[in-house]
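Data first, discussion second: the structure below is written as structure tokens.
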Amino acid sequence: MGKTLFDKIYDKHIVSSIPDGPDVFYIDVQYIHEVTSPQAFEGLRQRGIKVARPKQVCATADHNVPTENQHLPIQNDLSRHQVSTLVQNCEEFGIDLYGLEHPFQGIVHVVGPELGVTKPGMTMVCGDSHTSTHGAFGAIAFGVGTSEVEMVLATQCLMQHRPKRMRITVEGDLQKGVTAKDIVLYVISKTTAAGGTGYFVEFAGSAFSSLTMEGRMTVCNMSIEMGARGGLIAPDETTFEYVKGREFAPKGADWDKAVSEWKELYTDEDATFDKEFNFDASDIEPMITYGTNPGMGIGITQKIPSAADIGATTVKEIESFDKAMEYMDFKPGQAMLGKKIDYVFVGSCTNARIEDFREVAEIVKGKQKADNVTAWLVPGSKQVEKQIFDEGLAEIIEAAGFKIRQPGCSACLAMNDDKVPTGAYCVSTSNRNFEGRQGPGARTMLASPSTAAATAIVGKITNPADLI
Amino acid sequence: MEKFNTIISSAVPLTTENIDTDQIIPARFLKATTRDGFGDNLFRDWRFDKNNDPITTFPLEDPKYDGSILVAGKNFGCGSSREHAAWAIADYGFKVVICSEFADIFQNNALNNGVLVVTVSAEFLAKSFSAIEVNNQAAFKIDLKNQFVELVASGDKESFQINGYRKECLINGYDNIDYLISQKEKIAAFESAK
């Protein structure tokens, strides 16, 4: 019987298997950042051991970093301490670090792919759930906890149980104004935020294969938001073209050899999945979330559903729905279009790549943002930042009244200075609309860069298709 | 890691579903470089108001509930991979979390810190919440060796699944890193054969 893409990669990375237990699973590359690594390094010190393969670890600082005045010392004592701890740990253990002053610094899931560290067929982990992003290259990539970060630092391996397999197929052409972000928000609204728990997802079909690598990264990034451990897309010419020539991409004869191996990375026709979903791309409109988990999303022209509409039947399900409505101060039946908002955030490991800013520039060109809106654009890396300026996008975006800040996780997770105030509404291109995610009491509505840009211009939730 | 034995305790109910790790431990508390002290900030924004006064309607601050078991609504621990969530739960004093469905990463993180995650049916979860509602101090028995959870007063029992390897680790207090380090030669051989 044929194999799935996931199994082809997984099988090649099994060192050994424990009967009725997990596999010793080999990890090609581990990404680390300042928040989830210090306790892992401390663990190594306590055990008196070194990092097993320092050259297979790639480090950057992103979660805690300020997005203004990065040339100055970090103001917050705890943040500064955590970032300097990363610097010390990387020095002590011989790991390459793309820290604040480095031209490659940025959000770990933007940096890895743009440097060509991420490649098809690899296994990758990071102490960050959005590691699933790297699956866009036809790789197995997933988030782990700090104990697991320590395991991989110590041995380059993890104790891993093989997850179940799911395939999500979306075929057809996208409507005007619909982007990768809308596809994935649509999928999660159908599967729910827990629908993928226990699974690794392959995204298949023309709606994904026609996306750029940036778009595919947006999709795979959010596979965790349906509860899946990760998502992946079979590599193709688009993938190879993206990787080719990057800093750590194979060169010369190595490149040809790599590509011929990568061409074997697809799901065999007779392979089977534990669960399959099929959707029609033409059913998808620009999406926005109205609740407090990423599964609570609707088409932007629709009205907020009731608990019954989304299939809540038990008392606990209805109470959880009501709690979300109360937090957001929304009511079932209310329209999303025209809702006045206070903040727009374009950034995060979901949508802070060059294509996202091109999308924004196209919509805001020659226009002015509404006075009631504070609009932040935060590039995913120093390289993306440079490209924004080189391509002339910065000029267009700044002329429209948006503020371009410096690379980092920024307002995605309220860990640095960029926070949305209590009660304020923010249309955000990030990945989580959880209570307090963008700051205590902040109300987040997830959407695409196009929707965020259109909304910033009008000052109210706006269908980007109306402005294109 | 501490060895895990049979536990008999009352439980704290958190009926909300889809509780994400940002609620368990908000990001602003992730700036530490050690594993200690996270329990104080467990469910920080649900436990304390703007003036840092306890919100006594929230079960963790409600004096009628206590115990080393947390019973939570389905899809507990979704979202961020932060192990700080498991550290906060362990540091606060919980040894077991009972739920009908756990997020994958949280489940690993909890087990790696000696916190047993017990996945029960939706029916048993509902019974558990009812039992606590009837008697706030209702005792739960968690028998890891024989893999069952019991509502002591009614004698309602349900068996739970746990991987044999994981069970051995918990009962004996072994950790994964020790095991992996013992496999170094095999790992090196795998690398040279690649």
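Ligands are numbered from 1 in the order shown, residues from 1 within each chain, and chains are lettered A, B, ... in the order they appear in the structure tokens.
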Can you work out which residues from chain A touch chain B at a cut-off of 7 Å (counting only C-alpha atoms) and hand them back as a ChimeraX atom specification?
/A:15,20-21,35-36,38-39,78-79,82,127-129,143-147,151,155,194,197-198,225,227,229,316-317,320,413-415,437
Can you spit out the residues from that selection as a compact mmCIF listing (two decimals), in the first residue's frame, using N, CA and C atoms?
```
# COMPACT_ATOMS: atom_id res chain seq x y z
N VAL A 15 14.88 6.42 14.64
CA VAL A 15 16.15 5.82 15.06
C VAL A 15 15.88 4.43 15.62
N ASP A 20 5.07 -0.84 22.30
CA ASP A 20 4.02 -0.16 23.06
C ASP A 20 4.50 1.18 23.60
N GLY A 21 5.35 1.80 22.83
CA GLY A 21 5.87 3.08 23.30
C GLY A 21 6.18 3.98 22.14
N VAL A 35 12.34 32.62 24.84
CA VAL A 35 11.32 32.36 25.87
C VAL A 35 11.31 30.91 26.36
N THR A 36 11.42 29.97 25.43
CA THR A 36 11.21 28.57 25.81
C THR A 36 12.52 27.78 25.87
N PRO A 38 15.60 28.91 27.93
CA PRO A 38 16.53 29.04 29.06
C PRO A 38 16.51 27.85 30.03
N GLN A 39 15.30 27.35 30.33
CA GLN A 39 15.21 26.23 31.28
C GLN A 39 15.79 24.95 30.68
N LEU A 78 13.14 42.15 32.80
CA LEU A 78 12.97 40.71 32.61
C LEU A 78 13.20 40.31 31.15
N SER A 79 12.69 41.14 30.23
CA SER A 79 12.88 40.86 28.81
C SER A 79 14.36 40.93 28.45
N GLN A 82 16.10 37.90 29.69
CA GLN A 82 15.82 36.68 28.91
C GLN A 82 16.58 36.70 27.58
N GLY A 127 10.45 25.28 20.37
CA GLY A 127 9.58 25.48 21.53
C GLY A 127 8.58 26.57 21.23
N ASP A 128 7.75 26.32 20.23
CA ASP A 128 6.77 27.29 19.78
C ASP A 128 5.77 26.57 18.89
N SER A 129 4.50 26.70 19.22
CA SER A 129 3.49 25.89 18.52
C SER A 129 3.39 26.22 17.04
N GLY A 143 5.61 22.14 17.10
CA GLY A 143 6.00 22.78 18.35
C GLY A 143 6.18 21.77 19.46
N VAL A 144 7.08 22.08 20.37
CA VAL A 144 7.35 21.19 21.50
C VAL A 144 7.48 22.04 22.77
N GLY A 145 7.39 21.37 23.91
CA GLY A 145 7.59 22.05 25.19
C GLY A 145 9.08 22.12 25.52
N THR A 146 9.39 22.82 26.60
CA THR A 146 10.79 23.05 26.94
C THR A 146 11.52 21.76 27.32
N SER A 147 10.84 20.81 27.96
CA SER A 147 11.50 19.53 28.26
C SER A 147 11.95 18.86 26.97
N MET A 151 15.53 17.73 25.36
CA MET A 151 15.83 16.41 24.78
C MET A 151 16.56 16.55 23.45
N THR A 155 20.29 15.35 22.59
CA THR A 155 20.48 14.12 21.79
C THR A 155 20.10 14.25 20.32
N ALA A 194 -10.66 22.30 17.79
CA ALA A 194 -10.14 21.03 18.33
C ALA A 194 -10.23 19.90 17.31
N THR A 197 -7.08 17.70 16.67
CA THR A 197 -6.31 17.16 17.79
C THR A 197 -5.95 15.69 17.54
N GLY A 198 -4.67 15.38 17.70
CA GLY A 198 -4.20 14.01 17.48
C GLY A 198 -3.75 13.72 16.06
N GLU A 225 -3.99 25.78 15.09
CA GLU A 225 -5.22 26.42 15.57
C GLU A 225 -6.46 25.54 15.38
N GLY A 227 -5.97 22.48 16.33
CA GLY A 227 -5.55 21.46 17.28
C GLY A 227 -4.55 20.48 16.70
N ARG A 229 -1.15 18.87 15.29
CA ARG A 229 0.24 19.08 15.69
C ARG A 229 0.99 19.87 14.63
N LYS A 316 -22.42 23.18 28.85
CA LYS A 316 -21.04 23.68 28.91
C LYS A 316 -20.64 24.35 27.59
N GLU A 317 -21.08 23.76 26.47
CA GLU A 317 -20.77 24.36 25.17
C GLU A 317 -21.43 25.73 25.02
N SER A 320 -19.68 28.25 27.24
CA SER A 320 -18.40 28.67 26.67
C SER A 320 -18.62 29.68 25.55
N LEU A 413 1.24 38.65 20.89
CA LEU A 413 1.09 37.92 22.15
C LEU A 413 1.34 38.72 23.43
N ALA A 414 1.36 40.03 23.34
CA ALA A 414 1.40 40.85 24.56
C ALA A 414 2.52 40.46 25.52
N MET A 415 3.68 40.20 24.95
CA MET A 415 4.80 39.83 25.80
C MET A 415 5.84 40.93 25.81
N ARG A 437 -4.97 37.79 24.65
CA ARG A 437 -3.80 37.43 23.85
C ARG A 437 -2.99 38.68 23.45
```
Please, which residues of stretch 5-243 of chain A, numbered as in this document, come out alpha helix (DSSP H) from DSSP, as a CSV table (one decimal) with N, CA and C atoms, in the first residue's frame?
```
chain,number,residue,atom,x,y,z
A,5,LEU,N,2.7,11.4,2.4
A,5,LEU,CA,3.9,12.3,2.4
A,5,LEU,C,4.4,12.3,3.8
A,6,PHE,N,3.5,12.5,4.8
A,6,PHE,CA,4.0,12.5,6.2
A,6,PHE,C,4.7,11.2,6.6
A,7,ASP,N,4.2,10.1,6.2
A,7,ASP,CA,4.8,8.8,6.6
A,7,ASP,C,6.2,8.6,6.0
A,8,LYS,N,6.3,9.1,4.7
A,8,LYS,CA,7.6,9.0,4.0
A,8,LYS,C,8.7,9.7,4.8
A,9,ILE,N,8.3,10.9,5.3
A,9,ILE,CA,9.3,11.6,6.0
A,9,ILE,C,9.5,11.1,7.4
A,10,TYR,N,8.4,10.7,8.0
A,10,TYR,CA,8.5,10.2,9.4
A,10,TYR,C,9.3,8.9,9.5
A,11,ASP,N,9.1,8.0,8.5
A,11,ASP,CA,9.8,6.7,8.6
A,11,ASP,C,11.3,6.9,8.4
A,38,PRO,N,15.6,28.9,27.9
A,38,PRO,CA,16.5,29.0,29.1
A,38,PRO,C,16.5,27.9,30.0
A,39,GLN,N,15.3,27.4,30.3
A,39,GLN,CA,15.2,26.2,31.3
A,39,GLN,C,15.8,24.9,30.7
A,40,ALA,N,15.8,24.8,29.4
A,40,ALA,CA,16.4,23.7,28.7
A,40,ALA,C,17.9,23.7,28.8
A,41,PHE,N,18.5,24.9,28.6
A,41,PHE,CA,19.9,25.0,28.8
A,41,PHE,C,20.3,24.7,30.2
A,42,GLU,N,19.5,25.3,31.1
A,42,GLU,CA,19.8,25.1,32.5
A,42,GLU,C,19.8,23.6,32.9
A,43,GLY,N,18.8,22.8,32.2
A,43,GLY,CA,18.8,21.4,32.4
A,43,GLY,C,20.1,20.7,32.0
A,44,LEU,N,20.6,21.2,30.8
A,44,LEU,CA,21.9,20.6,30.3
A,44,LEU,C,23.0,20.8,31.3
A,45,ARG,N,23.0,22.0,31.9
A,45,ARG,CA,24.1,22.4,32.8
A,45,ARG,C,24.0,21.5,34.1
A,46,GLN,N,22.7,21.3,34.5
A,46,GLN,CA,22.5,20.4,35.7
A,46,GLN,C,23.0,19.0,35.5
A,47,ARG,N,22.8,18.5,34.2
A,47,ARG,CA,23.2,17.2,33.9
A,47,ARG,C,24.7,17.1,33.5
A,77,ASP,N,13.4,45.0,32.3
A,77,ASP,CA,14.5,44.2,32.9
A,77,ASP,C,14.4,42.7,32.6
A,78,LEU,N,13.1,42.2,32.8
A,78,LEU,CA,13.0,40.7,32.6
A,78,LEU,C,13.2,40.3,31.2
A,79,SER,N,12.7,41.1,30.2
A,79,SER,CA,12.9,40.9,28.8
A,79,SER,C,14.4,40.9,28.4
A,80,ARG,N,15.0,42.0,29.0
A,80,ARG,CA,16.5,42.1,28.7
A,80,ARG,C,17.2,40.9,29.2
A,81,HIS,N,16.9,40.5,30.4
A,81,HIS,CA,17.5,39.4,31.0
A,81,HIS,C,17.3,38.1,30.2
A,82,GLN,N,16.1,37.9,29.7
A,82,GLN,CA,15.8,36.7,28.9
A,82,GLN,C,16.6,36.7,27.6
A,83,VAL,N,16.6,37.8,26.9
A,83,VAL,CA,17.4,37.9,25.7
A,83,VAL,C,18.9,37.8,25.9
A,84,SER,N,19.4,38.4,27.0
A,84,SER,CA,20.8,38.2,27.2
A,84,SER,C,21.2,36.8,27.7
A,85,THR,N,20.2,36.1,28.3
A,85,THR,CA,20.4,34.7,28.7
A,85,THR,C,20.6,33.9,27.4
A,86,LEU,N,19.8,34.2,26.4
A,86,LEU,CA,19.9,33.5,25.1
A,86,LEU,C,21.3,33.7,24.5
A,87,VAL,N,21.7,35.0,24.5
A,87,VAL,CA,23.1,35.3,23.9
A,87,VAL,C,24.1,34.4,24.7
A,88,GLN,N,24.1,34.4,26.0
A,88,GLN,CA,25.1,33.7,26.8
A,88,GLN,C,25.0,32.2,26.5
A,89,ASN,N,23.8,31.7,26.4
A,89,ASN,CA,23.6,30.2,26.2
A,89,ASN,C,24.2,29.8,24.8
A,90,CYS,N,23.9,30.7,23.8
A,90,CYS,CA,24.4,30.3,22.5
A,90,CYS,C,25.9,30.4,22.4
A,91,GLU,N,26.5,31.4,23.1
A,91,GLU,CA,27.9,31.4,23.2
A,91,GLU,C,28.5,30.2,23.8
A,92,GLU,N,28.0,29.9,25.0
A,92,GLU,CA,28.5,28.8,25.8
A,92,GLU,C,28.4,27.5,25.1
A,93,PHE,N,27.3,27.3,24.4
A,93,PHE,CA,27.0,26.0,23.7
A,93,PHE,C,27.3,25.9,22.2
A,108,VAL,N,11.2,33.7,14.4
A,108,VAL,CA,11.9,32.4,14.1
A,108,VAL,C,11.3,31.7,12.9
A,109,HIS,N,10.0,31.8,12.7
A,109,HIS,CA,9.3,31.1,11.6
A,109,HIS,C,9.4,31.9,10.3
A,110,VAL,N,9.9,33.1,10.4
A,110,VAL,CA,10.1,33.9,9.1
A,110,VAL,C,11.6,33.7,8.7
A,111,VAL,N,12.4,33.7,9.7
A,111,VAL,CA,13.9,33.6,9.5
A,111,VAL,C,14.3,32.3,8.9
A,112,GLY,N,13.8,31.2,9.5
A,112,GLY,CA,14.3,29.9,9.1
A,112,GLY,C,14.1,29.6,7.6
A,113,PRO,N,12.8,29.8,7.1
A,113,PRO,CA,12.6,29.7,5.7
A,113,PRO,C,13.4,30.6,4.8
A,114,GLU,N,13.4,31.9,5.2
A,114,GLU,CA,14.1,32.9,4.3
A,114,GLU,C,15.6,32.7,4.2
A,146,THR,N,9.4,22.8,26.6
A,146,THR,CA,10.8,23.0,26.9
A,146,THR,C,11.5,21.8,27.3
A,147,SER,N,10.8,20.8,28.0
A,147,SER,CA,11.5,19.5,28.3
A,147,SER,C,11.9,18.9,27.0
A,148,GLU,N,11.1,19.0,25.9
A,148,GLU,CA,11.5,18.4,24.6
A,148,GLU,C,12.6,19.2,23.9
A,149,VAL,N,12.6,20.5,24.1
A,149,VAL,CA,13.7,21.3,23.6
A,149,VAL,C,15.0,20.8,24.2
A,150,GLU,N,14.9,20.5,25.5
A,150,GLU,CA,16.1,20.0,26.2
A,150,GLU,C,16.5,18.6,25.6
A,151,MET,N,15.5,17.7,25.4
A,151,MET,CA,15.8,16.4,24.8
A,151,MET,C,16.6,16.6,23.5
A,152,VAL,N,16.1,17.5,22.6
A,152,VAL,CA,16.7,17.6,21.3
A,152,VAL,C,18.1,18.3,21.4
A,153,LEU,N,18.2,19.2,22.3
A,153,LEU,CA,19.5,19.8,22.5
A,153,LEU,C,20.5,18.7,23.0
A,154,ALA,N,20.0,17.8,23.8
A,154,ALA,CA,20.9,16.8,24.4
A,154,ALA,C,21.2,15.7,23.5
A,155,THR,N,20.3,15.3,22.6
A,155,THR,CA,20.5,14.1,21.8
A,155,THR,C,20.1,14.3,20.3
A,180,ALA,N,-4.6,33.3,1.3
A,180,ALA,CA,-4.3,32.1,2.1
A,180,ALA,C,-4.9,32.1,3.5
A,181,LYS,N,-4.8,33.3,4.1
A,181,LYS,CA,-5.3,33.4,5.5
A,181,LYS,C,-6.8,33.1,5.6
A,182,ASP,N,-7.5,33.6,4.5
A,182,ASP,CA,-9.0,33.3,4.5
A,182,ASP,C,-9.3,31.8,4.3
A,183,ILE,N,-8.4,31.1,3.5
A,183,ILE,CA,-8.6,29.7,3.3
A,183,ILE,C,-8.5,29.0,4.7
A,184,VAL,N,-7.4,29.3,5.4
A,184,VAL,CA,-7.1,28.6,6.6
A,184,VAL,C,-8.2,28.9,7.7
A,185,LEU,N,-8.6,30.2,7.8
A,185,LEU,CA,-9.6,30.5,8.7
A,185,LEU,C,-10.9,29.8,8.4
A,186,TYR,N,-11.2,29.7,7.1
A,186,TYR,CA,-12.4,29.0,6.7
A,186,TYR,C,-12.3,27.5,7.1
A,187,VAL,N,-11.2,26.9,6.8
A,187,VAL,CA,-11.0,25.5,7.2
A,187,VAL,C,-11.2,25.3,8.7
A,188,ILE,N,-10.6,26.2,9.5
A,188,ILE,CA,-10.6,26.0,11.0
A,188,ILE,C,-12.1,26.2,11.4
A,189,SER,N,-12.8,27.1,10.8
A,189,SER,CA,-14.2,27.4,11.2
A,189,SER,C,-15.0,26.1,10.9
A,190,LYS,N,-14.6,25.3,10.0
A,190,LYS,CA,-15.3,24.1,9.7
A,190,LYS,C,-14.9,22.9,10.6
A,191,THR,N,-13.6,22.8,10.8
A,191,THR,CA,-13.1,21.7,11.6
A,191,THR,C,-13.3,21.9,13.1
A,206,SER,N,-5.8,22.2,-5.5
A,206,SER,CA,-5.3,23.3,-6.3
A,206,SER,C,-5.3,24.7,-5.5
A,207,ALA,N,-6.2,24.8,-4.5
A,207,ALA,CA,-6.2,26.0,-3.8
A,207,ALA,C,-4.9,26.2,-3.0
A,208,PHE,N,-4.2,25.2,-2.6
A,208,PHE,CA,-3.0,25.3,-1.9
A,208,PHE,C,-1.8,25.3,-2.9
A,209,SER,N,-1.9,24.4,-4.0
A,209,SER,CA,-0.7,24.3,-4.9
A,209,SER,C,-0.6,25.6,-5.7
A,213,MET,N,4.8,30.5,-1.7
A,213,MET,CA,5.4,29.9,-0.4
A,213,MET,C,4.9,30.7,0.8
A,214,GLU,N,4.8,32.0,0.6
A,214,GLU,CA,4.4,32.8,1.8
A,214,GLU,C,2.9,32.4,2.2
A,215,GLY,N,2.1,32.2,1.2
A,215,GLY,CA,0.7,31.8,1.4
A,215,GLY,C,0.7,30.4,2.1
A,216,ARG,N,1.5,29.5,1.6
A,216,ARG,CA,1.5,28.1,2.1
A,216,ARG,C,2.0,28.2,3.6
A,217,MET,N,2.9,29.1,3.9
A,217,MET,CA,3.4,29.2,5.3
A,217,MET,C,2.3,29.7,6.2
A,218,THR,N,1.5,30.6,5.7
A,218,THR,CA,0.3,31.2,6.4
A,218,THR,C,-0.6,30.0,6.8
A,219,VAL,N,-0.9,29.2,5.8
A,219,VAL,CA,-1.8,28.0,6.0
A,219,VAL,C,-1.2,27.1,7.0
A,220,CYS,N,0.0,26.6,6.8
A,220,CYS,CA,0.6,25.6,7.7
A,220,CYS,C,0.8,26.2,9.1
A,221,ASN,N,1.1,27.4,9.2
A,221,ASN,CA,1.3,28.1,10.5
A,221,ASN,C,0.0,27.9,11.4
A,237,GLU,N,7.6,22.8,-7.8
A,237,GLU,CA,8.5,23.8,-8.4
A,237,GLU,C,8.4,25.1,-7.6
A,238,THR,N,7.3,25.5,-7.1
A,238,THR,CA,7.2,26.8,-6.3
A,238,THR,C,8.1,26.7,-5.1
A,239,THR,N,8.1,25.5,-4.5
A,239,THR,CA,8.9,25.3,-3.3
A,239,THR,C,10.4,25.4,-3.7
A,240,PHE,N,10.8,24.7,-4.7
A,240,PHE,CA,12.2,24.6,-5.1
A,240,PHE,C,12.7,26.0,-5.5
A,241,GLU,N,11.8,26.7,-6.2
A,241,GLU,CA,12.2,28.1,-6.7
A,241,GLU,C,12.5,29.0,-5.5
A,242,TYR,N,11.7,28.8,-4.4
A,242,TYR,CA,11.8,29.7,-3.2
A,242,TYR,C,13.1,29.3,-2.5
A,243,VAL,N,13.4,28.1,-2.4
A,243,VAL,CA,14.6,27.7,-1.6
A,243,VAL,C,15.9,28.0,-2.3
```
Atomic distance atom CA of A:Glu34 - atom CA of A:Gly380, expressed in Å with one decimal:
16.2 Å
What lies within 8 Å of stretch 55-71 of chain B using only C-alpha atoms, ignoring chain neighbours under 3 positions off, as an MDAnalysis selection string?
chainID B and resid 9:15 46:49 93:99 125 128:129 136:137
Quick one: residues within 9 Å of A:Leu174, only C-alpha atoms, excluding same-chain residues fewer than 5 positions away - as a PyMOL selection string?
chain A and resi 179+183+207+281-285
Would you export the selected residues with C-alpha atoms as an mmCIF file, in the first residue's frame, please?
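Printed below is again-v5.cif as written:
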```
data_model
loop_
_atom_site.group_PDB
_atom_site.id
_atom_site.type_symbol
_atom_site.label_atom_id
_atom_site.label_comp_id
_atom_site.auth_asym_id
_atom_site.auth_seq_id
_atom_site.Cartn_x
_atom_site.Cartn_y
_atom_site.Cartn_z
ATOM 1 C CA THR A 179 -6.138 34.957 0.368
ATOM 2 C CA ILE A 183 -8.641 29.682 3.318
ATOM 3 C CA ALA A 207 -6.224 26.047 -3.764
ATOM 4 C CA ALA A 281 -12.492 27.161 -2.852
ATOM 5 C CA SER A 282 -15.292 29.176 -4.437
ATOM 6 C CA ASP A 283 -17.327 28.901 -1.193
ATOM 7 C CA ILE A 284 -14.719 30.932 0.676
ATOM 8 C CA GLU A 285 -15.086 34.669 1.178
#
```
Run DSSP on the backbone and grab whatever in stretch 270-449 of chain A lands in strand (DSSP E); send it over as a PyMOL selection string.
chain A and resi 275-280+287-289+297-299+343-346+374-377+403-404+425-428+443-446
